[in-house]
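So the structure is just underneath, and the comments pick up after that.
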Amino acid sequence: MDFREQLRKLDGLDFGGLYQEDFLLTWDKSEDEIRAVLAVADALRALREGNRSARIFDSGLAISLFRDNSTRTRFSFASAANLLGLELMDFDEGKSQVAHGETVRETANMISFMADVVGIRDDMYIGKGHTYMADFAQYVKEGFEAGVLEQRPTLVNLQCDIDHPTQATADLLHLIHEFGGLEQLRGKKLAMTWAYSPSYGKPLSVPQGMIGLMTRFGMDVTLAHPEGYEVMELTRDVAARNAAASGGAFRVTNSMDEAFEGADIVCPKSWAPYAAMEERTELYGNGDTAGIKALEQRLLAQNAQHKDWTTTEAKMALTKGGSALYMHPLPADISGTSCEQGEVETSVFDRYRDPMYKQASNKPYAIAAMIFLQKIKDPAAKLDALYAADTRRWQG
Amino acid sequence: MDFREQLRKLDGLDFGGLYQEDFLLTWDKSEDEIRAVLAVADALRALREGNRSARIFDSGLAISLFRDNSTRTRFSFASAANLLGLELMDFDEGKSQVAHGETVRETANMISFMADVVGIRDDMYIGKGHTYMADFAQYVKEGFEAGVLEQRPTLVNLQCDIDHPTQATADLLHLIHEFGGLEQLRGKKLAMTWAYSPSYGKPLSVPQGMIGLMTRFGMDVTLAHPEGYEVMELTRDVAARNAAASGGAFRVTNSMDEAFEGADIVCPKSWAPYAAMEERTELYGNGDTAGIKALEQRLLAQNAQHKDWTTTEAKMALTKGGSALYMHPLPADISGTSCEQGEVETSVFDRYRDPMYKQASNKPYAIAAMIFLQKIKDPAAKLDALYAADTRRWQG
Amino acid sequence: MDFREQLRKLDGLDFGGLYQEDFLLTWDKSEDEIRAVLAVADALRALREGNRSARIFDSGLAISLFRDNSTRTRFSFASAANLLGLELMDFDEGKSQVAHGETVRETANMISFMADVVGIRDDMYIGKGHTYMADFAQYVKEGFEAGVLEQRPTLVNLQCDIDHPTQATADLLHLIHEFGGLEQLRGKKLAMTWAYSPSYGKPLSVPQGMIGLMTRFGMDVTLAHPEGYEVMELTRDVAARNAAASGGAFRVTNSMDEAFEGADIVCPKSWAPYAAMEERTELYGNGDTAGIKALEQRLLAQNAQHKDWTTTEAKMALTKGGSALYMHPLPADISGTSCEQGEVETSVFDRYRDPMYKQASNKPYAIAAMIFLQKIKDPAAKLDALYAADTRRWQG
């Protein structure tokens, strides 16, 4: 698509609410705001693919705070920051004075002196991650207003206990690319289903983020999982409300087959039961190592009762024309490749490997778009100016 | 203040000694040199607040070497480096070959190939930190002179066993801002006092750095601590000499109340007894874990005898008009917030939180000013040029 | 040398094979390609020494992946990346999801979204390092061709089990500088000899890299080691073939004295026996801690039988005029300095310290030259343009 045609997608959208604000949950953002993020993400990709610099910062820091391991998201955030001209500075709590009684308010201000953006992953404990981010965001906002900070460091949620907005946005960009536009997704049947994994404790924020975002543009979304693997009620309510508003549909079932039946898109992925995650959060809080060990064993046994929830070729044959788009946020548990039995058969995974890698490759742009819209008052004009300036990113 | 008016503070000062030199101890620098650091720090802040780029490097590295945990100083150094256009590169001794018999001389040269500045924190062991830095600085100077290094990496002391110059400078900037100028500090009464903490082993370099710097501009400085908590004699001598030269005063007392009485500024903060720190250094040297454990218990018990050394509202009422400026380098042990009983009551801490955060926010500029003066031959002209160039730091 | 004269060294060389390709082994590269790396390395040094910016990237990432400790190479890679305008992003496997069943193919693509270059050190396990790099390079090449990656991240081998090309290239640059040109090395006698060390398991890739590269330009190379310390046969074959082609010589001996006799250059350095490294690789694979411990003891005992393989003044007296150039990749085991008895006497080491530091200082330029030639289609024109643009790296 022509670059200026791409920019025209921003015409008429009301997305001023993103400016100087945080990005914590997709459902806190209006439809126009989500559309703006999608349009800017693809515009930034076009700039880079055309070897044009997208720098909007001469200097400045992007702070990352990962409370859980990360490959994709860590490198996506680093890439997004670099693309825009910010230097990454990782906040490693182990090397800090957090243990010395430092409060969240204090840490938030102290690491943000020259921070334009802060990206946080805090997905391990139910009821904690989102709260931590909201607190952090509030504290630096107050720090900015009190004159402590010279700029307002905006926050990007890199995965909390409730939502994973950069993942869901990257996934939606993937669907837009695969199906030829956001409008083409209307009526498409998407199956977000649980899948068996021999490991345990995978975050709920992935399925929650998916049902929270994919229901906004008229898709027909089915959430499927065995009994006991319910996601947070809040997010099911969001999905139902979104579907009603967008003319789509949202339903929950306990049958993987039912979800796959006639699906255009399937997203089978393991996650932990919500109730168990709540229990784990409490056990961690009490430092109950024995209890955690016991819970882990119980959950693995529970998982093992549902080994039939796996993405086989037979399951894929149930989908529309037998050729639904298979998606996974990666890394996947691949039967016969990375484990004996897991979420997906090797032949299915391998067939969709390139598409999944492309799916993942949207994340740097999703993050960069969020930052861009947080920082730039007139994004269309600025993107146009970057295109026109035509500064080579790489003088090869 | 107008930017060019700010620059005029540099007029007539003789600060050429900072150029291409290290910054290890404030008392090794002349009064003019300290004045230059203060003036440049505020000029750099004005550039940034005005969204003007302060980059003086197109590329280059700033190396950090932290031998103790750090939040504020780590991010302040990163911010200062980024502000000036240097990329931060942390030297993590655990990932290096230091264990393979590498000497300090060798490490110093090997990590400095493209280093313009090196920031070191080494505050844990009495008699070690400053020596390490001085050696490091000498080795890279020799490496530069021998043609090994193409530039001379200058060193900034990010806290040693003797001084904490970037902290003390940030604190002095805070006083200048709060009282309306360096000249306004003449005759002001400052109480640097010990305070009870339930943890142990806090570095002496903070009080030592304070008495070493605050005595230089005519302030009336009192150092107060219980018997047994003496700071290094060397630094008391420096303070006494400074006070005599600047027309100020310096005294030591064993009464917190006496120090607070009529004070304009109070800085109550815990630190370890010097003798105990010497003992600890030896125990660590011998790998005597049991001895360290025993020392820790002994010190905590010693601390606990002085729980009355705490900053209560009653204590604050003793100060000038009951409203002295309360300062703390953070993080503080706050009674009822981060511990049962600590250095300061919650109500006092909370009342001064914003000022303390602003106090901390001077550190990136203090560090950047030191680097700027180490690297730029005619700082006033360069600052003026940066102002006039008016390159946007952020194209928002 | 005049800058443009330096550039003329590229005239007539056929080095197009480096463009958009990986740098894994020096013997995979043609003589012209090696000459181009050497010429560009010195040209980049001249730019920097002249305070001219060598940035060819406005933004972009250089990914480092170190599977072994590193000081010199880590900082050399960081310096090279920074010199060219790339931001370093370290991939710490411990903070990633590698443990979650992520394949090499997946990791390679996921960390490379905005990577222009990837530097890998993987030297610990015989038969693994080079294979890992070759796989990684192939996977990102496929990712680029499939449209997952917008640029092809080229790979630089920062030390594998077979070769250490950035070290060997830095060493060759050192010889060029010391002897006044590449052509001056023809016929020079170089002794690459084993030396006793009280530690064990030092990589073979250093001697292997040396004999693989130094034999290419007509030098007379002797590899000397005690029986049982053979290097990989493959690399001896490479050396023999190179020597035959270049009009030089290559021989292996079990006498340190024979190698030193009349040598112009001596490189005495410890390494582990190949067979033992193979055994260790298998023990690690089986998680056989007791076996590893036993092997270590056995190897240390084996080493101790050859304490006479050490660089004394008496040994140095055997060399040409008693004044051969002593080289070491550092850190060295220095008798009486870093250990009781090691690879070299203190007096010898100290006499050559500055030269060795200069030797090491070539590594950032060696790496930068490899990247430059991977990324720039017409390097001579680009270097000329950078010289002419005369953008100050440092506005001091």
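Letters A, B, ... go to the chains of the structure tokens in the order shown; residues in each chain start at 1; ligands are counted from 1 in the same order.
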Excluding B:Asn303 and residues on its chain fewer than 3 positions from it, collect all residues at most 7 Å away from it, counting only C-alpha atoms, and give them as an mmCIF file with N, CA and C atoms, in the first residue's frame.
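The result, stored in result31.cif:
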data_model
loop_
_atom_site.group_PDB
_atom_site.id
_atom_site.type_symbol
_atom_site.label_atom_id
_atom_site.label_comp_id
_atom_site.auth_asym_id
_atom_site.auth_seq_id
_atom_site.Cartn_x
_atom_site.Cartn_y
_atom_site.Cartn_z
ATOM 1 N N TYR B 196 18.762 6.385 63.602
ATOM 2 C CA TYR B 196 18.650 4.943 63.841
ATOM 3 C C TYR B 196 18.055 4.228 62.629
ATOM 4 N N SER B 197 18.617 3.076 62.321
ATOM 5 C CA SER B 197 18.059 2.214 61.279
ATOM 6 C C SER B 197 18.128 0.768 61.743
ATOM 7 N N LEU B 299 26.441 -5.071 65.614
ATOM 8 C CA LEU B 299 26.159 -3.716 65.137
ATOM 9 C C LEU B 299 24.672 -3.398 65.253
ATOM 10 N N LEU B 300 23.840 -4.379 64.941
ATOM 11 C CA LEU B 300 22.397 -4.130 65.054
ATOM 12 C C LEU B 300 22.033 -3.851 66.512
ATOM 13 N N HIS B 306 20.248 3.260 70.192
ATOM 14 C CA HIS B 306 20.085 4.673 69.841
ATOM 15 C C HIS B 306 18.811 4.918 69.049
#
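Summary of the local environment: counting only C-alpha atoms, residues at most 9 Å from A:Leu7, other than itself and those fewer than 5 positions away along its chain, are Asp2, Ala39, Val40, Ala43, Ala380, Leu383 and Asp384 of chain A.
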### Query
If we count only C-alpha atoms, which residues of chain A reach to within 10 Å of chain B? Please list them as a ChimeraX atom specification.
/A:19,55-61,63,85-103,106-107,109-116,142-143,146-151,372-379,382
### Task
Using DSSP on the backbone coordinates, identify the residues of stretch 133-218 of chain C assigned to alpha helix (DSSP H); present them as a PyMOL selection string.
chain C and resi 133-145+165-179+205-214
### Query
Any idea what the distance is between atom CA of B:Thr26 and atom CA of B:Asp163?
7.7 Å
### Query
Do you know which residues are at most 7 Å from A:Ile162 counting only C-alpha atoms, after dropping those on the same chain fewer than 3 positions away, and could you put them as a count of residues only?
3
### Query
What is the atom CA of C:Thr222-atom CA of C:Glu279 distance in Å, reported with one decimal?
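So the answer is 26.9 Å.
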### Query
What's the 12 Å shell around B:Met133, counting only C-alpha atoms, without same-chain residues fewer than 3 positions away, as a ChimeraX atom specification?
/B:22-25,65-67,104-105,108,118-123,127-130,136-140,154-163
A:Ala275 environment, 9 Å, only C-alpha atoms, sequence neighbours closer than 6 positions dropped, as a PDB file with N, CA and C atoms, in the first residue's frame:
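Contents of result-v5.pdb, freshly written:
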ATOM      1  N   GLY A 228     -12.810 -25.849  34.623  1.00  0.00           N
ATOM      2  CA  GLY A 228     -11.763 -25.580  35.601  1.00  0.00           C
ATOM      3  C   GLY A 228     -10.695 -24.635  35.077  1.00  0.00           C
ATOM      4  N   TYR A 229     -10.756 -24.340  33.779  1.00  0.00           N
ATOM      5  CA  TYR A 229      -9.749 -23.454  33.191  1.00  0.00           C
ATOM      6  C   TYR A 229     -10.345 -22.100  32.795  1.00  0.00           C
ATOM      7  N   GLU A 230     -11.353 -21.700  33.531  1.00  0.00           N
ATOM      8  CA  GLU A 230     -11.994 -20.420  33.264  1.00  0.00           C
ATOM      9  C   GLU A 230     -10.984 -19.270  33.327  1.00  0.00           C
ATOM     10  N   VAL A 231     -11.207 -18.254  32.513  1.00  0.00           N
ATOM     11  CA  VAL A 231     -10.389 -17.040  32.617  1.00  0.00           C
ATOM     12  C   VAL A 231     -11.122 -16.052  33.524  1.00  0.00           C
TER      13      VAL A 231
END
### Exercise: A:Lys315 partners within 9 Å, only C-alpha atoms, chain neighbours under 6 positions left out, as a ChimeraX atom specification
/A:256-257,260-261,322
### Task
Figure out the distance between atom CA of A:Pro207 and atom CA of A:Phe179, please, to one decimal in Å.
21.0 Å
### Query
Mind checking DSSP for stretch 225-281 of chain A and telling me the strand (DSSP E) residues as a PyMOL selection string?
chain A and resi 249-253+265-269
How would the residues just picked look written out with C-alpha atoms as a PDB file, in the first residue's frame?
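Saved to result-v8.pdb:
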ATOM      1  CA  ALA A 249     -20.234 -12.699  18.797  1.00  0.00           C
ATOM      2  CA  PHE A 250     -18.595 -14.179  21.870  1.00  0.00           C
ATOM      3  CA  ARG A 251     -19.296 -17.537  23.427  1.00  0.00           C
ATOM      4  CA  VAL A 252     -17.586 -19.909  25.836  1.00  0.00           C
ATOM      5  CA  THR A 253     -17.573 -23.675  25.405  1.00  0.00           C
ATOM      6  CA  ILE A 265      -8.550 -18.679  12.756  1.00  0.00           C
ATOM      7  CA  VAL A 266      -7.464 -20.965  15.608  1.00  0.00           C
ATOM      8  CA  CYS A 267      -5.329 -19.940  18.591  1.00  0.00           C
ATOM      9  CA  PRO A 268      -4.811 -23.046  20.749  1.00  0.00           C
ATOM     10  CA  LYS A 269      -2.591 -22.321  23.739  1.00  0.00           C
TER      11      LYS A 269
END
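Around A:Ala243, within 12 Å and counting only C-alpha atoms, the residues found are Arg186, Gly187, Ile211, Gly212, Leu213, Met214, Thr215, Arg216, Phe217, Gly218, Met219, Asp220, Val221, Thr222, Arg236, Asp237, Ala249, Phe250 and Arg251 of chain A, once anything fewer than 6 positions away on its own chain is removed.
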N, CA and C atoms of the current selection, written as a PDB file, in the first residue's frame:
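Below is the file that was written, result.pdb:
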ATOM      1  N   ARG A 186     -14.538  -8.864   9.789  1.00  0.00           N
ATOM      2  CA  ARG A 186     -15.933  -8.893  10.235  1.00  0.00           C
ATOM      3  C   ARG A 186     -16.558 -10.261   9.891  1.00  0.00           C
ATOM      4  N   GLY A 187     -17.119 -10.915  10.913  1.00  0.00           N
ATOM      5  CA  GLY A 187     -17.778 -12.201  10.695  1.00  0.00           C
ATOM      6  C   GLY A 187     -16.850 -13.408  10.712  1.00  0.00           C
ATOM      7  N   ILE A 211      -9.494 -12.340  23.723  1.00  0.00           N
ATOM      8  CA  ILE A 211     -10.959 -12.169  23.687  1.00  0.00           C
ATOM      9  C   ILE A 211     -11.334 -10.715  23.924  1.00  0.00           C
ATOM     10  N   GLY A 212     -10.473  -9.987  24.627  1.00  0.00           N
ATOM     11  CA  GLY A 212     -10.769  -8.574  24.884  1.00  0.00           C
ATOM     12  C   GLY A 212     -10.595  -7.711  23.652  1.00  0.00           C
ATOM     13  N   LEU A 213      -9.688  -8.097  22.757  1.00  0.00           N
ATOM     14  CA  LEU A 213      -9.440  -7.254  21.584  1.00  0.00           C
ATOM     15  C   LEU A 213     -10.139  -7.777  20.326  1.00  0.00           C
ATOM     16  N   MET A 214     -10.127  -9.083  20.122  1.00  0.00           N
ATOM     17  CA  MET A 214     -10.618  -9.630  18.855  1.00  0.00           C
ATOM     18  C   MET A 214     -12.133  -9.484  18.707  1.00  0.00           C
ATOM     19  N   THR A 215     -12.811  -9.267  19.832  1.00  0.00           N
ATOM     20  CA  THR A 215     -14.275  -9.077  19.785  1.00  0.00           C
ATOM     21  C   THR A 215     -14.689  -7.669  19.370  1.00  0.00           C
ATOM     22  N   ARG A 216     -13.705  -6.795  19.131  1.00  0.00           N
ATOM     23  CA  ARG A 216     -14.071  -5.385  18.917  1.00  0.00           C
ATOM     24  C   ARG A 216     -14.387  -5.025  17.484  1.00  0.00           C
ATOM     25  N   PHE A 217     -14.067  -5.915  16.566  1.00  0.00           N
ATOM     26  CA  PHE A 217     -14.225  -5.532  15.168  1.00  0.00           C
ATOM     27  C   PHE A 217     -15.130  -6.504  14.416  1.00  0.00           C
ATOM     28  N   GLY A 218     -16.146  -7.006  15.139  1.00  0.00           N
ATOM     29  CA  GLY A 218     -17.170  -7.805  14.464  1.00  0.00           C
ATOM     30  C   GLY A 218     -16.814  -9.254  14.221  1.00  0.00           C
ATOM     31  N   MET A 219     -15.776  -9.742  14.882  1.00  0.00           N
ATOM     32  CA  MET A 219     -15.440 -11.157  14.696  1.00  0.00           C
ATOM     33  C   MET A 219     -16.339 -12.026  15.570  1.00  0.00           C
ATOM     34  N   ASP A 220     -16.373 -13.290  15.219  1.00  0.00           N
ATOM     35  CA  ASP A 220     -17.174 -14.289  15.927  1.00  0.00           C
ATOM     36  C   ASP A 220     -16.189 -15.124  16.746  1.00  0.00           C
ATOM     37  N   VAL A 221     -16.071 -14.795  18.021  1.00  0.00           N
ATOM     38  CA  VAL A 221     -15.008 -15.345  18.858  1.00  0.00           C
ATOM     39  C   VAL A 221     -15.535 -16.414  19.810  1.00  0.00           C
ATOM     40  N   THR A 222     -14.908 -17.575  19.778  1.00  0.00           N
ATOM     41  CA  THR A 222     -15.252 -18.635  20.730  1.00  0.00           C
ATOM     42  C   THR A 222     -14.063 -18.896  21.643  1.00  0.00           C
ATOM     43  N   ARG A 236     -14.209 -11.863  30.436  1.00  0.00           N
ATOM     44  CA  ARG A 236     -15.321 -12.443  29.678  1.00  0.00           C
ATOM     45  C   ARG A 236     -16.424 -11.402  29.505  1.00  0.00           C
ATOM     46  N   ASP A 237     -16.621 -10.612  30.544  1.00  0.00           N
ATOM     47  CA  ASP A 237     -17.624  -9.542  30.456  1.00  0.00           C
ATOM     48  C   ASP A 237     -17.219  -8.529  29.388  1.00  0.00           C
ATOM     49  N   ALA A 249     -19.679 -11.735  17.857  1.00  0.00           N
ATOM     50  CA  ALA A 249     -20.234 -12.699  18.797  1.00  0.00           C
ATOM     51  C   ALA A 249     -19.136 -13.174  19.733  1.00  0.00           C
ATOM     52  N   PHE A 250     -19.529 -13.601  20.917  1.00  0.00           N
ATOM     53  CA  PHE A 250     -18.595 -14.179  21.870  1.00  0.00           C
ATOM     54  C   PHE A 250     -19.293 -15.284  22.640  1.00  0.00           C
ATOM     55  N   ARG A 251     -18.714 -16.444  22.640  1.00  0.00           N
ATOM     56  CA  ARG A 251     -19.296 -17.537  23.427  1.00  0.00           C
ATOM     57  C   ARG A 251     -18.173 -18.345  24.063  1.00  0.00           C
TER      58      ARG A 251
END
